[in-house]
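Here the structure is laid out as structure tokens; the discussion comes afterwards.
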Amino acid sequence: MADFTMPSLGADMDAGTLVEWLVREGDTVHRGDPMAVVDTDKSAIEVESFDDGVVERFLVEPGARVAVGTTLASLAPLDDAPTKVPAARSPGAATTPAAGPPARHGHHRRPHTPRAAPPPLRHHAAELGVDLTTLAGSGPDGTVTRADVDRAARASAPSPLPLQRRAEPGAATRPRPRRASPYARRLAAELGVDLASVTEVGGDGAVHAAQVLGAASTAVAPVPPPPPAATSPARVEPPPKPRGTGASRTTIAALMSRAKREIPHYYVATTVDLGPLTEWLRRSNRERGVSERILPAAALLKATALTARDHPELNGFWVDRAFVPGDDVHLGVAVHVRGGALVAPAIHRTADLTLPEVMAALRDLVARARSGRLRRAELADPTLTVTDLGDQGVEEVIGVIYPPQVALLGIGRVVERPWAMDGLIGVRPTVRLTLSGDHRATDGAAGARFLNTLEERLQHPEAL
Amino acid sequence: MTITPEQAREMVARAVRRIVPDADVGSVPDRADLRRTFELDSLDFLSFVELLVKESGVRLDEDDYPDLATVAGCADLLARRSA
């Protein structure tokens, strides 16, 4: 049972202040439940539990500033029965090796791979972030088949709501010790990410590529080692004043310098007729109460998410000289916080949300970025970022990519322009869309295809 | 009950202050663009309209947004609609 520790929420973070507990001693918590609010030097962030268990005792009082890795609360197992034993549960499991040892600080272990898994299948599993060593095969002699891998991948897909817990039976959903997929281990070794410091896990409790990438993306520099003594006396400070989230200038400077230093950007742009979308929104918004109204910005996000799904080569990360596709489309939304800070948290699984849900998520995200707080996972894993500066009055945004993402969509202001259509000139609301692409991962043609699909989708708003 | 221009101004001021807590709404000219003055983005403006609807009980559609651009515009529209 892992205790609840001060996580590292960014490369430059070596300590954080516990602002408040969101649970009480004796509470039962599940993996993903918000546990506490932590104030780093730049923002207040909700931190969730990384395990199922019962909150035994708080070891740190709100207001205390403690080093990363310090135990904040002790967790007891849910039952007396150990939940970590990966017991054999099906005939197939008997012939499949048990899960490898949990990831250890600094060690790179190559876990055992079932003998019968051929390279293409291993590759397929790696792409989907499925750990072959944990699969019970349904093939002859318990060999793992492609269908097994696909099933496991589906089972481990993150649920759309953070607190919603998966109920399907199956190996992938039972509580297990912290595991890491082989691919995640390799990535972690290559990226210099300490698996023990990866605080996020996939739906099956194992660390997958996405989580390693998430950790890598928040780590601009190597993560500082945890302090030697977790019980070192905590320096007590008054609780910080509430403030908006958002990276400080130093953090933005480091990230953007890295982007411009490492990423050879290319840019493609197009002007799109937004008439069908604005007209459709006008009509449908008339039927809606003011709080349910949908802004063009939300519709543009949804259209972009669907387009990203059509063009997975632009939705993901550039890691160690290779492109790694995102596990889903988590659109990052650049939010300007009053006072000059900038933050780009993710709307998880944007393409699966309905338009009203995207709108609600956008409002919620922006409100929390500005006045409340963001959740750790939202900051860690956007797969493609959108920056909409239309409200700032500019017609075009040629943006800088957030490493290690490989693309960024800039959206300008909706402007009425003379527009030639069917041999006639009319006045139409238009918007300038600019895709910045990482030339290492894709070429301009890929960016062009992306924009063409997006334009096409915007001509059929009713399908959003 | 008709909303007087003074009441409407109060409502506008309260709504703006909910979104921009340190806004000095009193010193804003009647015809100044609210969005630009207080740097309201489209989400902020939607919240602003939402607050006005809640306070005044008046129905405000997207088609009314141009009329809601200034304090004077808001006052006129709220007075007209509540009459």
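Residues are named by chain letter and number: chains run A, B, ... in the order of the structure tokens, numbers start at 1 in each chain, and ligands are numbered from 1 in the order shown.
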### Task
Please report, as number ranges by chain, each residue of segment 266-382 of chain A to which DSSP assigns helix (DSSP H, G or I) when run on this structure's backbone.
A: 275-286, 290-292, 296-310, 312-314, 350-352, 355-370, 376-380
Leu46 of chain B surroundings by only C-alpha atoms, 10 Å radius, close-in-sequence under 2 positions cut, as a PDB file with all heavy atoms, in the first residue's frame:
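Printed below is out_33.pdb as written:
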ATOM      1  N   VAL A 290     -29.840  30.825 -21.170  1.00  0.00           N
ATOM      2  CA  VAL A 290     -28.569  31.534 -21.308  1.00  0.00           C
ATOM      3  C   VAL A 290     -27.391  30.701 -20.792  1.00  0.00           C
ATOM      4  O   VAL A 290     -26.303  30.719 -21.357  1.00  0.00           O
ATOM      5  CB  VAL A 290     -28.627  32.927 -20.644  1.00  0.00           C
ATOM      6  CG1 VAL A 290     -28.908  32.819 -19.159  1.00  0.00           C
ATOM      7  CG2 VAL A 290     -27.363  33.706 -20.889  1.00  0.00           C
ATOM      8  N   SER A 291     -27.625  29.899 -19.758  1.00  0.00           N
ATOM      9  CA  SER A 291     -26.498  29.138 -19.211  1.00  0.00           C
ATOM     10  C   SER A 291     -26.165  27.907 -20.047  1.00  0.00           C
ATOM     11  O   SER A 291     -25.140  27.280 -19.837  1.00  0.00           O
ATOM     12  CB  SER A 291     -26.767  28.749 -17.761  1.00  0.00           C
ATOM     13  OG  SER A 291     -28.104  28.359 -17.606  1.00  0.00           O
ATOM     14  N   GLU A 292     -27.059  27.555 -20.985  1.00  0.00           N
ATOM     15  CA  GLU A 292     -26.758  26.394 -21.836  1.00  0.00           C
ATOM     16  C   GLU A 292     -26.246  26.800 -23.215  1.00  0.00           C
ATOM     17  O   GLU A 292     -26.017  25.958 -24.061  1.00  0.00           O
ATOM     18  CB  GLU A 292     -28.009  25.522 -22.021  1.00  0.00           C
ATOM     19  CG  GLU A 292     -28.242  24.543 -20.887  1.00  0.00           C
ATOM     20  CD  GLU A 292     -29.047  25.173 -19.767  1.00  0.00           C
ATOM     21  OE1 GLU A 292     -30.061  25.830 -20.078  1.00  0.00           O
ATOM     22  OE2 GLU A 292     -28.639  25.053 -18.598  1.00  0.00           O
ATOM     23  N   ARG A 293     -26.121  28.092 -23.436  1.00  0.00           N
ATOM     24  CA  ARG A 293     -25.713  28.531 -24.771  1.00  0.00           C
ATOM     25  C   ARG A 293     -24.304  28.091 -25.109  1.00  0.00           C
ATOM     26  O   ARG A 293     -23.439  28.024 -24.238  1.00  0.00           O
ATOM     27  CB  ARG A 293     -25.819  30.047 -24.885  1.00  0.00           C
ATOM     28  CG  ARG A 293     -27.242  30.471 -25.138  1.00  0.00           C
ATOM     29  CD  ARG A 293     -27.409  31.967 -25.196  1.00  0.00           C
ATOM     30  NE  ARG A 293     -28.803  32.275 -24.896  1.00  0.00           N
ATOM     31  CZ  ARG A 293     -29.231  33.456 -24.483  1.00  0.00           C
ATOM     32  NH1 ARG A 293     -28.381  34.456 -24.318  1.00  0.00           N
ATOM     33  NH2 ARG A 293     -30.497  33.641 -24.236  1.00  0.00           N
ATOM     34  N   ILE A 294     -24.110  27.809 -26.381  1.00  0.00           N
ATOM     35  CA  ILE A 294     -22.818  27.296 -26.822  1.00  0.00           C
ATOM     36  C   ILE A 294     -22.100  28.355 -27.640  1.00  0.00           C
ATOM     37  O   ILE A 294     -22.669  28.954 -28.560  1.00  0.00           O
ATOM     38  CB  ILE A 294     -23.030  26.003 -27.620  1.00  0.00           C
ATOM     39  CG1 ILE A 294     -23.450  24.901 -26.650  1.00  0.00           C
ATOM     40  CG2 ILE A 294     -21.760  25.599 -28.354  1.00  0.00           C
ATOM     41  CD1 ILE A 294     -24.037  23.713 -27.297  1.00  0.00           C
ATOM     42  N   LEU A 295     -20.856  28.584 -27.297  1.00  0.00           N
ATOM     43  CA  LEU A 295     -20.046  29.571 -28.002  1.00  0.00           C
ATOM     44  C   LEU A 295     -19.330  28.915 -29.179  1.00  0.00           C
ATOM     45  O   LEU A 295     -19.019  27.727 -29.146  1.00  0.00           O
ATOM     46  CB  LEU A 295     -19.003  30.161 -27.052  1.00  0.00           C
ATOM     47  CG  LEU A 295     -19.548  30.996 -25.900  1.00  0.00           C
ATOM     48  CD1 LEU A 295     -18.424  31.388 -24.956  1.00  0.00           C
ATOM     49  CD2 LEU A 295     -20.237  32.249 -26.444  1.00  0.00           C
ATOM     50  N   ARG A 363     -16.097  25.937 -19.908  1.00  0.00           N
ATOM     51  CA  ARG A 363     -16.408  26.941 -18.886  1.00  0.00           C
ATOM     52  C   ARG A 363     -15.804  26.551 -17.546  1.00  0.00           C
ATOM     53  O   ARG A 363     -15.203  27.368 -16.847  1.00  0.00           O
ATOM     54  CB  ARG A 363     -17.924  27.087 -18.714  1.00  0.00           C
ATOM     55  CG  ARG A 363     -18.613  27.704 -19.905  1.00  0.00           C
ATOM     56  CD  ARG A 363     -20.041  28.064 -19.577  1.00  0.00           C
ATOM     57  NE  ARG A 363     -20.111  29.348 -18.866  1.00  0.00           N
ATOM     58  CZ  ARG A 363     -21.252  29.967 -18.586  1.00  0.00           C
ATOM     59  NH1 ARG A 363     -22.391  29.444 -18.932  1.00  0.00           N
ATOM     60  NH2 ARG A 363     -21.226  31.118 -17.950  1.00  0.00           N
TER      61      ARG A 363
ATOM     62  N   LEU B  40     -13.206  41.439 -21.217  1.00  0.00           N
ATOM     63  CA  LEU B  40     -14.055  40.262 -21.080  1.00  0.00           C
ATOM     64  C   LEU B  40     -13.907  39.421 -22.341  1.00  0.00           C
ATOM     65  O   LEU B  40     -14.072  39.932 -23.452  1.00  0.00           O
ATOM     66  CB  LEU B  40     -15.522  40.681 -20.923  1.00  0.00           C
ATOM     67  CG  LEU B  40     -15.852  41.664 -19.798  1.00  0.00           C
ATOM     68  CD1 LEU B  40     -17.344  41.978 -19.801  1.00  0.00           C
ATOM     69  CD2 LEU B  40     -15.446  41.091 -18.449  1.00  0.00           C
ATOM     70  N   ASP B  41     -13.615  38.133 -22.175  1.00  0.00           N
ATOM     71  CA  ASP B  41     -13.630  37.271 -23.350  1.00  0.00           C
ATOM     72  C   ASP B  41     -15.048  36.737 -23.525  1.00  0.00           C
ATOM     73  O   ASP B  41     -15.957  37.100 -22.779  1.00  0.00           O
ATOM     74  CB  ASP B  41     -12.565  36.174 -23.241  1.00  0.00           C
ATOM     75  CG  ASP B  41     -12.816  35.246 -22.073  1.00  0.00           C
ATOM     76  OD1 ASP B  41     -13.962  35.185 -21.583  1.00  0.00           O
ATOM     77  OD2 ASP B  41     -11.859  34.581 -21.653  1.00  0.00           O
ATOM     78  N   SER B  42     -15.241  35.872 -24.523  1.00  0.00           N
ATOM     79  CA  SER B  42     -16.618  35.466 -24.818  1.00  0.00           C
ATOM     80  C   SER B  42     -17.225  34.655 -23.673  1.00  0.00           C
ATOM     81  O   SER B  42     -18.436  34.710 -23.452  1.00  0.00           O
ATOM     82  CB  SER B  42     -16.679  34.697 -26.137  1.00  0.00           C
ATOM     83  OG  SER B  42     -15.700  33.691 -26.176  1.00  0.00           O
ATOM     84  N   LEU B  43     -16.379  33.922 -22.952  1.00  0.00           N
ATOM     85  CA  LEU B  43     -16.908  33.183 -21.792  1.00  0.00           C
ATOM     86  C   LEU B  43     -17.325  34.151 -20.695  1.00  0.00           C
ATOM     87  O   LEU B  43     -18.371  33.983 -20.067  1.00  0.00           O
ATOM     88  CB  LEU B  43     -15.844  32.227 -21.248  1.00  0.00           C
ATOM     89  CG  LEU B  43     -15.564  30.966 -22.055  1.00  0.00           C
ATOM     90  CD1 LEU B  43     -14.354  30.243 -21.486  1.00  0.00           C
ATOM     91  CD2 LEU B  43     -16.758  30.047 -22.066  1.00  0.00           C
ATOM     92  N   ASP B  44     -16.489  35.173 -20.469  1.00  0.00           N
ATOM     93  CA  ASP B  44     -16.831  36.187 -19.463  1.00  0.00           C
ATOM     94  C   ASP B  44     -18.134  36.889 -19.839  1.00  0.00           C
ATOM     95  O   ASP B  44     -18.994  37.129 -18.993  1.00  0.00           O
ATOM     96  CB  ASP B  44     -15.732  37.261 -19.374  1.00  0.00           C
ATOM     97  CG  ASP B  44     -14.429  36.719 -18.824  1.00  0.00           C
ATOM     98  OD1 ASP B  44     -14.478  35.781 -18.029  1.00  0.00           O
ATOM     99  OD2 ASP B  44     -13.366  37.252 -19.202  1.00  0.00           O
ATOM    100  N   PHE B  48     -21.581  37.300 -17.915  1.00  0.00           N
ATOM    101  CA  PHE B  48     -22.158  38.630 -17.677  1.00  0.00           C
ATOM    102  C   PHE B  48     -23.646  38.643 -18.047  1.00  0.00           C
ATOM    103  O   PHE B  48     -24.498  39.073 -17.268  1.00  0.00           O
ATOM    104  CB  PHE B  48     -21.373  39.668 -18.493  1.00  0.00           C
ATOM    105  CG  PHE B  48     -21.975  41.032 -18.531  1.00  0.00           C
ATOM    106  CD1 PHE B  48     -21.966  41.856 -17.412  1.00  0.00           C
ATOM    107  CD2 PHE B  48     -22.569  41.509 -19.704  1.00  0.00           C
ATOM    108  CE1 PHE B  48     -22.528  43.125 -17.454  1.00  0.00           C
ATOM    109  CE2 PHE B  48     -23.131  42.781 -19.748  1.00  0.00           C
ATOM    110  CZ  PHE B  48     -23.123  43.592 -18.622  1.00  0.00           C
ATOM    111  N   VAL B  49     -23.956  38.117 -19.234  1.00  0.00           N
ATOM    112  CA  VAL B  49     -25.350  38.075 -19.686  1.00  0.00           C
ATOM    113  C   VAL B  49     -26.174  37.186 -18.745  1.00  0.00           C
ATOM    114  O   VAL B  49     -27.303  37.520 -18.373  1.00  0.00           O
ATOM    115  CB  VAL B  49     -25.442  37.564 -21.140  1.00  0.00           C
ATOM    116  CG1 VAL B  49     -26.896  37.436 -21.571  1.00  0.00           C
ATOM    117  CG2 VAL B  49     -24.694  38.498 -22.083  1.00  0.00           C
ATOM    118  N   GLU B  50     -25.567  36.072 -18.359  1.00  0.00           N
ATOM    119  CA  GLU B  50     -26.245  35.155 -17.447  1.00  0.00           C
ATOM    120  C   GLU B  50     -26.633  35.866 -16.150  1.00  0.00           C
ATOM    121  O   GLU B  50     -27.754  35.722 -15.656  1.00  0.00           O
ATOM    122  CB  GLU B  50     -25.256  34.019 -17.139  1.00  0.00           C
ATOM    123  CG  GLU B  50     -25.874  32.656 -17.004  1.00  0.00           C
ATOM    124  CD  GLU B  50     -24.805  31.591 -16.812  1.00  0.00           C
ATOM    125  OE1 GLU B  50     -23.668  31.772 -17.302  1.00  0.00           O
ATOM    126  OE2 GLU B  50     -25.115  30.587 -16.176  1.00  0.00           O
ATOM    127  N   LEU B  51     -25.702  36.658 -15.611  1.00  0.00           N
ATOM    128  CA  LEU B  51     -25.958  37.372 -14.363  1.00  0.00           C
ATOM    129  C   LEU B  51     -27.053  38.424 -14.551  1.00  0.00           C
ATOM    130  O   LEU B  51     -27.918  38.594 -13.688  1.00  0.00           O
ATOM    131  CB  LEU B  51     -24.662  38.025 -13.851  1.00  0.00           C
ATOM    132  CG  LEU B  51     -23.601  37.048 -13.336  1.00  0.00           C
ATOM    133  CD1 LEU B  51     -22.239  37.727 -13.212  1.00  0.00           C
ATOM    134  CD2 LEU B  51     -24.022  36.468 -11.985  1.00  0.00           C
ATOM    135  N   LEU B  52     -27.008  39.114 -15.703  1.00  0.00           N
ATOM    136  CA  LEU B  52     -28.033  40.128 -15.964  1.00  0.00           C
ATOM    137  C   LEU B  52     -29.414  39.488 -16.044  1.00  0.00           C
ATOM    138  O   LEU B  52     -30.388  40.011 -15.510  1.00  0.00           O
ATOM    139  CB  LEU B  52     -27.747  40.854 -17.280  1.00  0.00           C
ATOM    140  CG  LEU B  52     -26.737  41.994 -17.283  1.00  0.00           C
ATOM    141  CD1 LEU B  52     -26.785  42.721 -18.625  1.00  0.00           C
ATOM    142  CD2 LEU B  52     -27.012  42.976 -16.147  1.00  0.00           C
ATOM    143  N   GLU B  62     -28.927  36.004 -27.931  1.00  0.00           N
ATOM    144  CA  GLU B  62     -27.643  36.355 -28.539  1.00  0.00           C
ATOM    145  C   GLU B  62     -27.799  37.549 -29.480  1.00  0.00           C
ATOM    146  O   GLU B  62     -26.882  38.346 -29.647  1.00  0.00           O
ATOM    147  CB  GLU B  62     -27.072  35.159 -29.306  1.00  0.00           C
ATOM    148  CG  GLU B  62     -26.431  34.141 -28.387  1.00  0.00           C
ATOM    149  CD  GLU B  62     -25.714  33.038 -29.144  1.00  0.00           C
ATOM    150  OE1 GLU B  62     -26.012  32.852 -30.338  1.00  0.00           O
ATOM    151  OE2 GLU B  62     -24.866  32.365 -28.548  1.00  0.00           O
ATOM    152  N   TYR B  65     -26.938  40.854 -28.027  1.00  0.00           N
ATOM    153  CA  TYR B  65     -25.593  41.155 -27.535  1.00  0.00           C
ATOM    154  C   TYR B  65     -25.053  42.500 -28.020  1.00  0.00           C
ATOM    155  O   TYR B  65     -24.429  43.220 -27.242  1.00  0.00           O
ATOM    156  CB  TYR B  65     -24.598  40.028 -27.895  1.00  0.00           C
ATOM    157  CG  TYR B  65     -24.775  38.759 -27.076  1.00  0.00           C
ATOM    158  CD1 TYR B  65     -25.838  38.627 -26.186  1.00  0.00           C
ATOM    159  CD2 TYR B  65     -23.884  37.708 -27.188  1.00  0.00           C
ATOM    160  CE1 TYR B  65     -26.016  37.456 -25.455  1.00  0.00           C
ATOM    161  CE2 TYR B  65     -24.045  36.533 -26.453  1.00  0.00           C
ATOM    162  CZ  TYR B  65     -25.122  36.416 -25.589  1.00  0.00           C
ATOM    163  OH  TYR B  65     -25.278  35.267 -24.867  1.00  0.00           O
TER     164      TYR B  65
END
### Query
Taking only C-alpha atoms into account, which residues of chain A are within 10 Å of chain B, as a PyMOL selection string?
chain A and resi 281-283+285-297+338+359+362-363+366-367+389-393
Would you export the selected residues with N, CA, C and O atoms as a short mmCIF file (atom, residue, chain, number, x, y, z; two decimals), in the first residue's frame, please?
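So the final result, stored in selection06.cif, reads:
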data_model
loop_
_atom_site.label_atom_id
_atom_site.label_comp_id
_atom_site.auth_asym_id
_atom_site.auth_seq_id
_atom_site.Cartn_x
_atom_site.Cartn_y
_atom_site.Cartn_z
N LEU A 281 -25.49 27.82 -34.70
CA LEU A 281 -25.43 28.11 -33.26
C LEU A 281 -26.49 29.15 -32.87
O LEU A 281 -27.12 29.05 -31.83
N ARG A 282 -26.65 30.15 -33.73
CA ARG A 282 -27.64 31.19 -33.46
C ARG A 282 -29.03 30.58 -33.31
O ARG A 282 -29.77 30.89 -32.39
N ARG A 283 -29.33 29.70 -34.25
CA ARG A 283 -30.65 29.04 -34.22
C ARG A 283 -30.78 28.17 -32.99
O ARG A 283 -31.77 28.23 -32.27
N ASN A 285 -29.06 28.15 -30.23
CA ASN A 285 -28.93 28.86 -28.95
C ASN A 285 -30.22 29.58 -28.57
O ASN A 285 -30.45 29.85 -27.39
N ARG A 286 -31.03 29.89 -29.57
CA ARG A 286 -32.30 30.56 -29.26
C ARG A 286 -33.19 29.64 -28.42
O ARG A 286 -33.99 30.10 -27.63
N GLU A 287 -33.03 28.33 -28.64
CA GLU A 287 -33.83 27.36 -27.89
C GLU A 287 -33.25 27.11 -26.50
O GLU A 287 -33.86 26.45 -25.69
N ARG A 288 -32.04 27.60 -26.29
CA ARG A 288 -31.37 27.27 -25.03
C ARG A 288 -31.46 28.42 -24.04
O ARG A 288 -31.45 29.58 -24.43
N GLY A 289 -31.50 28.07 -22.77
CA GLY A 289 -31.39 29.07 -21.72
C GLY A 289 -30.00 29.66 -21.77
O GLY A 289 -29.09 29.06 -22.34
N VAL A 290 -29.84 30.83 -21.17
CA VAL A 290 -28.57 31.53 -21.31
C VAL A 290 -27.39 30.70 -20.79
O VAL A 290 -26.30 30.72 -21.36
N SER A 291 -27.63 29.90 -19.76
CA SER A 291 -26.50 29.14 -19.21
C SER A 291 -26.17 27.91 -20.05
O SER A 291 -25.14 27.28 -19.84
N GLU A 292 -27.06 27.55 -20.99
CA GLU A 292 -26.76 26.39 -21.84
C GLU A 292 -26.25 26.80 -23.21
O GLU A 292 -26.02 25.96 -24.06
N ARG A 293 -26.12 28.09 -23.44
CA ARG A 293 -25.71 28.53 -24.77
C ARG A 293 -24.30 28.09 -25.11
O ARG A 293 -23.44 28.02 -24.24
N ILE A 294 -24.11 27.81 -26.38
CA ILE A 294 -22.82 27.30 -26.82
C ILE A 294 -22.10 28.35 -27.64
O ILE A 294 -22.67 28.95 -28.56
N LEU A 295 -20.86 28.58 -27.30
CA LEU A 295 -20.05 29.57 -28.00
C LEU A 295 -19.33 28.91 -29.18
O LEU A 295 -19.02 27.73 -29.15
N PRO A 296 -19.05 29.70 -30.21
CA PRO A 296 -18.27 29.16 -31.33
C PRO A 296 -16.96 28.51 -30.86
O PRO A 296 -16.54 27.51 -31.44
N ALA A 297 -16.36 29.06 -29.81
CA ALA A 297 -15.10 28.50 -29.33
C ALA A 297 -15.24 27.03 -28.97
O ALA A 297 -14.36 26.21 -29.26
N ARG A 338 -5.98 36.16 -15.55
CA ARG A 338 -5.78 37.58 -15.24
C ARG A 338 -4.51 37.74 -14.42
O ARG A 338 -4.28 37.00 -13.49
N MET A 359 -18.79 22.46 -24.10
CA MET A 359 -19.01 23.84 -23.64
C MET A 359 -18.92 23.91 -22.12
O MET A 359 -18.25 24.78 -21.55
N LEU A 362 -15.38 23.45 -21.03
CA LEU A 362 -14.58 24.65 -21.30
C LEU A 362 -14.82 25.71 -20.22
O LEU A 362 -13.88 26.29 -19.68
N ARG A 363 -16.10 25.94 -19.91
CA ARG A 363 -16.41 26.94 -18.89
C ARG A 363 -15.80 26.55 -17.55
O ARG A 363 -15.20 27.37 -16.85
N VAL A 366 -11.89 26.90 -17.66
CA VAL A 366 -11.42 28.28 -17.64
C VAL A 366 -11.67 28.90 -16.27
O VAL A 366 -10.81 29.58 -15.71
N ALA A 367 -12.85 28.60 -15.71
CA ALA A 367 -13.17 29.17 -14.40
C ALA A 367 -12.18 28.67 -13.36
O ALA A 367 -11.68 29.44 -12.53
N LEU A 389 -7.22 33.09 -29.73
CA LEU A 389 -7.01 34.48 -29.30
C LEU A 389 -8.03 35.41 -29.94
O LEU A 389 -7.85 36.61 -30.00
N GLY A 390 -9.11 34.80 -30.46
CA GLY A 390 -10.14 35.60 -31.11
C GLY A 390 -10.66 36.70 -30.22
O GLY A 390 -10.88 37.83 -30.65
N ASP A 391 -10.85 36.38 -28.94
CA ASP A 391 -11.37 37.37 -28.02
C ASP A 391 -10.39 38.51 -27.78
O ASP A 391 -10.77 39.57 -27.30
N GLN A 392 -9.14 38.27 -28.07
CA GLN A 392 -8.15 39.33 -27.91
C GLN A 392 -8.10 40.21 -29.15
O GLN A 392 -7.30 41.14 -29.23
N GLY A 393 -8.92 39.87 -30.11
CA GLY A 393 -9.08 40.77 -31.24
C GLY A 393 -8.15 40.53 -32.42
O GLY A 393 -8.23 41.25 -33.41
#
Can you tell me, as a compact mmCIF listing (two decimals) with N, CA, C and O atoms, in the first residue's frame, what residues are no more than 9 Å from Phe38 of chain B when counting only C-alpha atoms, ignoring any on the same chain fewer than 5 positions away?
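The resulting file, result.txt, is reproduced below:
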# COMPACT_ATOMS: atom_id res chain seq x y z
N VAL B 16 -20.55 42.91 -13.57
CA VAL B 16 -19.14 43.07 -13.97
C VAL B 16 -18.22 42.75 -12.79
O VAL B 16 -17.20 42.08 -12.95
N VAL B 20 -15.00 40.57 -12.75
CA VAL B 20 -13.72 41.26 -12.52
C VAL B 20 -13.84 41.95 -11.17
O VAL B 20 -14.32 43.07 -11.08
N ALA B 23 -13.00 45.64 -10.57
CA ALA B 23 -13.41 46.59 -11.60
C ALA B 23 -14.02 47.85 -10.99
O ALA B 23 -14.83 47.78 -10.08
N ASP B 33 -17.17 50.55 -24.43
CA ASP B 33 -17.39 49.14 -24.70
C ASP B 33 -16.98 48.32 -23.48
O ASP B 33 -15.82 48.34 -23.05
### Task
Just the residues within 12 Å of Val71 of chain B, please, counting only C-alpha atoms, with nothing from its chain fewer than 4 positions along; format it as a ChimeraX atom specification.
/B:5-16,25-35,37,52,66-67,75-78
